[in-house]
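Undergrad: Contents are PDB, C-alpha atoms; file name coords.pdb:
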ATOM      1  CA  MET A   1      79.590  19.105 164.712  1.00  0.00           C
ATOM      2  CA  THR A   2      79.532  17.734 168.265  1.00  0.00           C
ATOM      3  CA  THR A   3      76.888  19.174 170.562  1.00  0.00           C
ATOM      4  CA  SER A   4      76.688  19.051 174.323  1.00  0.00           C
ATOM      5  CA  ALA A   5      73.960  16.411 174.011  1.00  0.00           C
ATOM      6  CA  ASP A   6      76.336  14.271 171.928  1.00  0.00           C
ATOM      7  CA  ARG A   7      78.978  14.575 174.605  1.00  0.00           C
ATOM      8  CA  GLU A   8      76.405  13.483 177.198  1.00  0.00           C
ATOM      9  CA  LEU A   9      76.005  10.166 175.393  1.00  0.00           C
ATOM     10  CA  ASP A  10      79.620   9.504 174.363  1.00  0.00           C
ATOM     11  CA  GLY A  11      80.517   5.974 175.375  1.00  0.00           C
ATOM     12  CA  ASP A  12      77.996   3.953 177.315  1.00  0.00           C
ATOM     13  CA  ASN A  13      76.712   6.660 179.626  1.00  0.00           C
ATOM     14  CA  GLY A  14      76.613  10.413 179.774  1.00  0.00           C
ATOM     15  CA  PRO A  15      77.693  12.284 182.878  1.00  0.00           C
ATOM     16  CA  ASP A  16      74.093  12.808 183.956  1.00  0.00           C
ATOM     17  CA  ASP A  17      72.978   9.273 183.129  1.00  0.00           C
ATOM     18  CA  PRO A  18      72.886   6.683 185.900  1.00  0.00           C
ATOM     19  CA  PRO A  19      75.141   3.633 185.691  1.00  0.00           C
ATOM     20  CA  GLY A  20      73.512   1.020 183.500  1.00  0.00           C
ATOM     21  CA  PHE A  21      71.729   3.606 181.339  1.00  0.00           C
ATOM     22  CA  GLY A  22      70.822   1.655 178.245  1.00  0.00           C
ATOM     23  CA  TYR A  23      68.703   1.438 175.153  1.00  0.00           C
ATOM     24  CA  ALA A  24      65.381   1.059 176.993  1.00  0.00           C
ATOM     25  CA  ASP A  25      66.188   4.055 179.201  1.00  0.00           C
ATOM     26  CA  ALA A  26      67.142   6.174 176.193  1.00  0.00           C
ATOM     27  CA  LEU A  27      63.995   5.137 174.346  1.00  0.00           C
ATOM     28  CA  ALA A  28      61.791   6.001 177.344  1.00  0.00           C
ATOM     29  CA  GLU A  29      63.460   9.408 177.662  1.00  0.00           C
ATOM     30  CA  LEU A  30      63.058   9.998 173.942  1.00  0.00           C
ATOM     31  CA  GLU A  31      59.348   9.175 174.133  1.00  0.00           C
ATOM     32  CA  SER A  32      58.993  11.617 177.031  1.00  0.00           C
ATOM     33  CA  ILE A  33      60.723  14.343 175.041  1.00  0.00           C
ATOM     34  CA  LEU A  34      58.475  13.691 172.045  1.00  0.00           C
ATOM     35  CA  GLU A  35      55.412  14.070 174.259  1.00  0.00           C
ATOM     36  CA  GLN A  36      56.796  17.381 175.535  1.00  0.00           C
ATOM     37  CA  LEU A  37      57.437  18.574 171.976  1.00  0.00           C
ATOM     38  CA  ASP A  38      53.871  17.678 170.985  1.00  0.00           C
ATOM     39  CA  ASP A  39      52.591  19.965 173.735  1.00  0.00           C
ATOM     40  CA  ASP A  40      51.898  23.432 172.355  1.00  0.00           C
ATOM     41  CA  ALA A  41      52.754  24.920 175.743  1.00  0.00           C
ATOM     42  CA  ILE A  42      56.440  23.877 175.685  1.00  0.00           C
ATOM     43  CA  ASP A  43      58.730  26.623 176.911  1.00  0.00           C
ATOM     44  CA  VAL A  44      60.553  27.998 173.890  1.00  0.00           C
ATOM     45  CA  ASP A  45      63.714  28.332 175.989  1.00  0.00           C
ATOM     46  CA  LEU A  46      63.698  24.549 176.500  1.00  0.00           C
ATOM     47  CA  LEU A  47      62.825  23.678 172.914  1.00  0.00           C
ATOM     48  CA  GLY A  48      66.375  23.725 171.555  1.00  0.00           C
ATOM     49  CA  THR A  49      67.733  21.791 174.525  1.00  0.00           C
ATOM     50  CA  ARG A  50      65.037  19.121 174.221  1.00  0.00           C
ATOM     51  CA  VAL A  51      65.566  18.729 170.468  1.00  0.00           C
ATOM     52  CA  GLU A  52      69.341  18.501 170.995  1.00  0.00           C
ATOM     53  CA  ARG A  53      68.895  15.811 173.657  1.00  0.00           C
ATOM     54  CA  ALA A  54      66.433  13.907 171.447  1.00  0.00           C
ATOM     55  CA  ALA A  55      68.953  13.884 168.592  1.00  0.00           C
ATOM     56  CA  ALA A  56      71.674  12.591 170.929  1.00  0.00           C
ATOM     57  CA  LEU A  57      69.345   9.861 172.230  1.00  0.00           C
ATOM     58  CA  ILE A  58      68.523   8.787 168.678  1.00  0.00           C
ATOM     59  CA  ARG A  59      72.234   8.513 167.855  1.00  0.00           C
ATOM     60  CA  PHE A  60      72.791   6.566 171.081  1.00  0.00           C
ATOM     61  CA  CYS A  61      69.976   4.118 170.236  1.00  0.00           C
ATOM     62  CA  ARG A  62      71.239   3.664 166.680  1.00  0.00           C
ATOM     63  CA  GLY A  63      74.710   2.924 168.033  1.00  0.00           C
ATOM     64  CA  ARG A  64      73.323   0.313 170.418  1.00  0.00           C
ATOM     65  CA  ILE A  65      71.339  -1.294 167.584  1.00  0.00           C
ATOM     66  CA  ARG A  66      74.449  -1.358 165.363  1.00  0.00           C
ATOM     67  CA  ALA A  67      76.514  -2.926 168.161  1.00  0.00           C
ATOM     68  CA  ALA A  68      73.874  -5.593 168.777  1.00  0.00           C
ATOM     69  CA  GLN A  69      73.649  -6.331 165.058  1.00  0.00           C
ATOM     70  CA  LEU A  70      77.431  -6.770 164.802  1.00  0.00           C
ATOM     71  CA  SER A  71      77.444  -9.020 167.838  1.00  0.00           C
ATOM     72  CA  VAL A  72      74.702 -11.231 166.401  1.00  0.00           C
ATOM     73  CA  GLU A  73      76.501 -11.409 163.043  1.00  0.00           C
ATOM     74  CA  GLU A  74      79.730 -12.484 164.781  1.00  0.00           C
ATOM     75  CA  ILE A  75      77.918 -15.176 166.752  1.00  0.00           C
ATOM     76  CA  VAL A  76      76.175 -16.498 163.638  1.00  0.00           C
ATOM     77  CA  ALA A  77      79.492 -16.561 161.761  1.00  0.00           C
ATOM     78  CA  GLU A  78      81.093 -18.528 164.617  1.00  0.00           C
ATOM     79  CA  LEU A  79      78.205 -20.989 164.599  1.00  0.00           C
ATOM     80  CA  ASP A  80      78.511 -21.367 160.829  1.00  0.00           C
ATOM     81  CA  GLU A  81      82.238 -22.115 161.224  1.00  0.00           C
ATOM     82  CA  LEU A  82      81.469 -24.738 163.868  1.00  0.00           C
ATOM     83  CA  ALA A  83      78.852 -26.321 161.640  1.00  0.00           C
ATOM     84  CA  ASP A  84      81.311 -26.486 158.724  1.00  0.00           C
ATOM     85  CA  ALA A  85      84.218 -27.850 160.803  1.00  0.00           C
ATOM     86  CA  PRO A  86      84.769 -31.608 160.684  1.00  0.00           C
ATOM     87  CA  ASP A  87      83.865 -33.534 163.801  1.00  0.00           C
ATOM     88  CA  ASP A  88      86.695 -35.052 165.814  1.00  0.00           C
ATOM     89  CA  ASP A  89      85.192 -38.480 164.989  1.00  0.00           C
ATOM     90  CA  GLU A  90      85.498 -37.813 161.242  1.00  0.00           C
ATOM     91  CA  ARG A  91      89.283 -37.258 161.329  1.00  0.00           C
TER      92      ARG A  91
END
Give the structure from the file, written as structure tokens.
TA:
Amino acid sequence: MTTSADRELDGDNGPDDPPGFGYADALAELESILEQLDDDAIDVDLLGTRVERAAALIRFCRGRIRAAQLSVEEIVAELDELADAPDDDER
């Protein structure tokens, strides 16, 4: 099920996110939302919207972490291949 908050974070940036919106920005926004949710005085009309946005931010952050992990694994694999390749002097 795709929510409006998911659509906000499809791709690199949502329509309301500034260019360059990244992991640190999403994490800061998520922390802000969590503080709001901890407050007993949160407006019940905003509760669902805030929880929906928090879920979308968590998915966004997980996606960024997965992408970084894949990138690091590719780089390490390339370095391993270079280390295993014979030197030009050895041929």
Undergrad: Name the residues in contact with A:Ile33 at a cut-off of 8 Å, using all atoms listed in the file, excluding same-chain residues fewer than 5 positions from it; report them as a PyMOL selection string.
TA: chain A and resi 50-51+54
Undergrad: Write the residues you've just listed into a file as a PDB file, in the coordinates of the input, and include C-alpha atoms for each of them.
TA:
ATOM      1  CA  ARG A  50      65.037  19.121 174.221  1.00  0.00           C
ATOM      2  CA  VAL A  51      65.566  18.729 170.468  1.00  0.00           C
ATOM      3  CA  ALA A  54      66.433  13.907 171.447  1.00  0.00           C
TER       4      ALA A  54
END
Undergrad: So how many Å separate atom CA of A:Leu57 and atom CA of A:Pro18, to one decimal?
TA: 14.5 Å
Undergrad: Counting all atoms listed in the file, note down every residue that has an atom within 9 Å of the point (64.7, 16.6, 172.7) (file coordinates), as a ChimeraX atom specification.
TA: /A:29-30,32-34,36-37,46-57
Undergrad: Take atom CA of A:Arg64 and atom CA of A:Tyr23 and report the distance between them in Å, one decimal.
TA: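 The value is 6.7 Å.
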Undergrad: Given the choices A:Ile42, A:Ile58, A:Ile75, A:Leu70, which gets closest to A:Ala28 if the distance is worked out from only C-alpha atoms?
TA: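 With only C-alpha atoms as the atom set, the closest residue is A:Ile58.
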Undergrad: Counting all atoms listed in the file, figure out which residue out of A:Ala26, A:Ala41, A:Leu79, A:Gly20 gets nearest to A:Arg62.
TA: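 Result for the nearest residue to A:Arg62: A:Ala26.
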Undergrad: For A:Gly22, which residue out of A:Ser71, A:Asp45, A:Cys61, A:Asp39 is the nearest one, using only C-alpha atoms?
TA: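 Answer, going by the shortest atom-to-atom distance: A:Cys61.
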Undergrad: Of the candidates A:Ile65, A:Val44, A:Val72, A:Ala85, which shows the shortest atom-to-atom distance to A:Leu27, using only C-alpha atoms?
TA: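 Closest to A:Leu27 of all the choices is A:Ile65.
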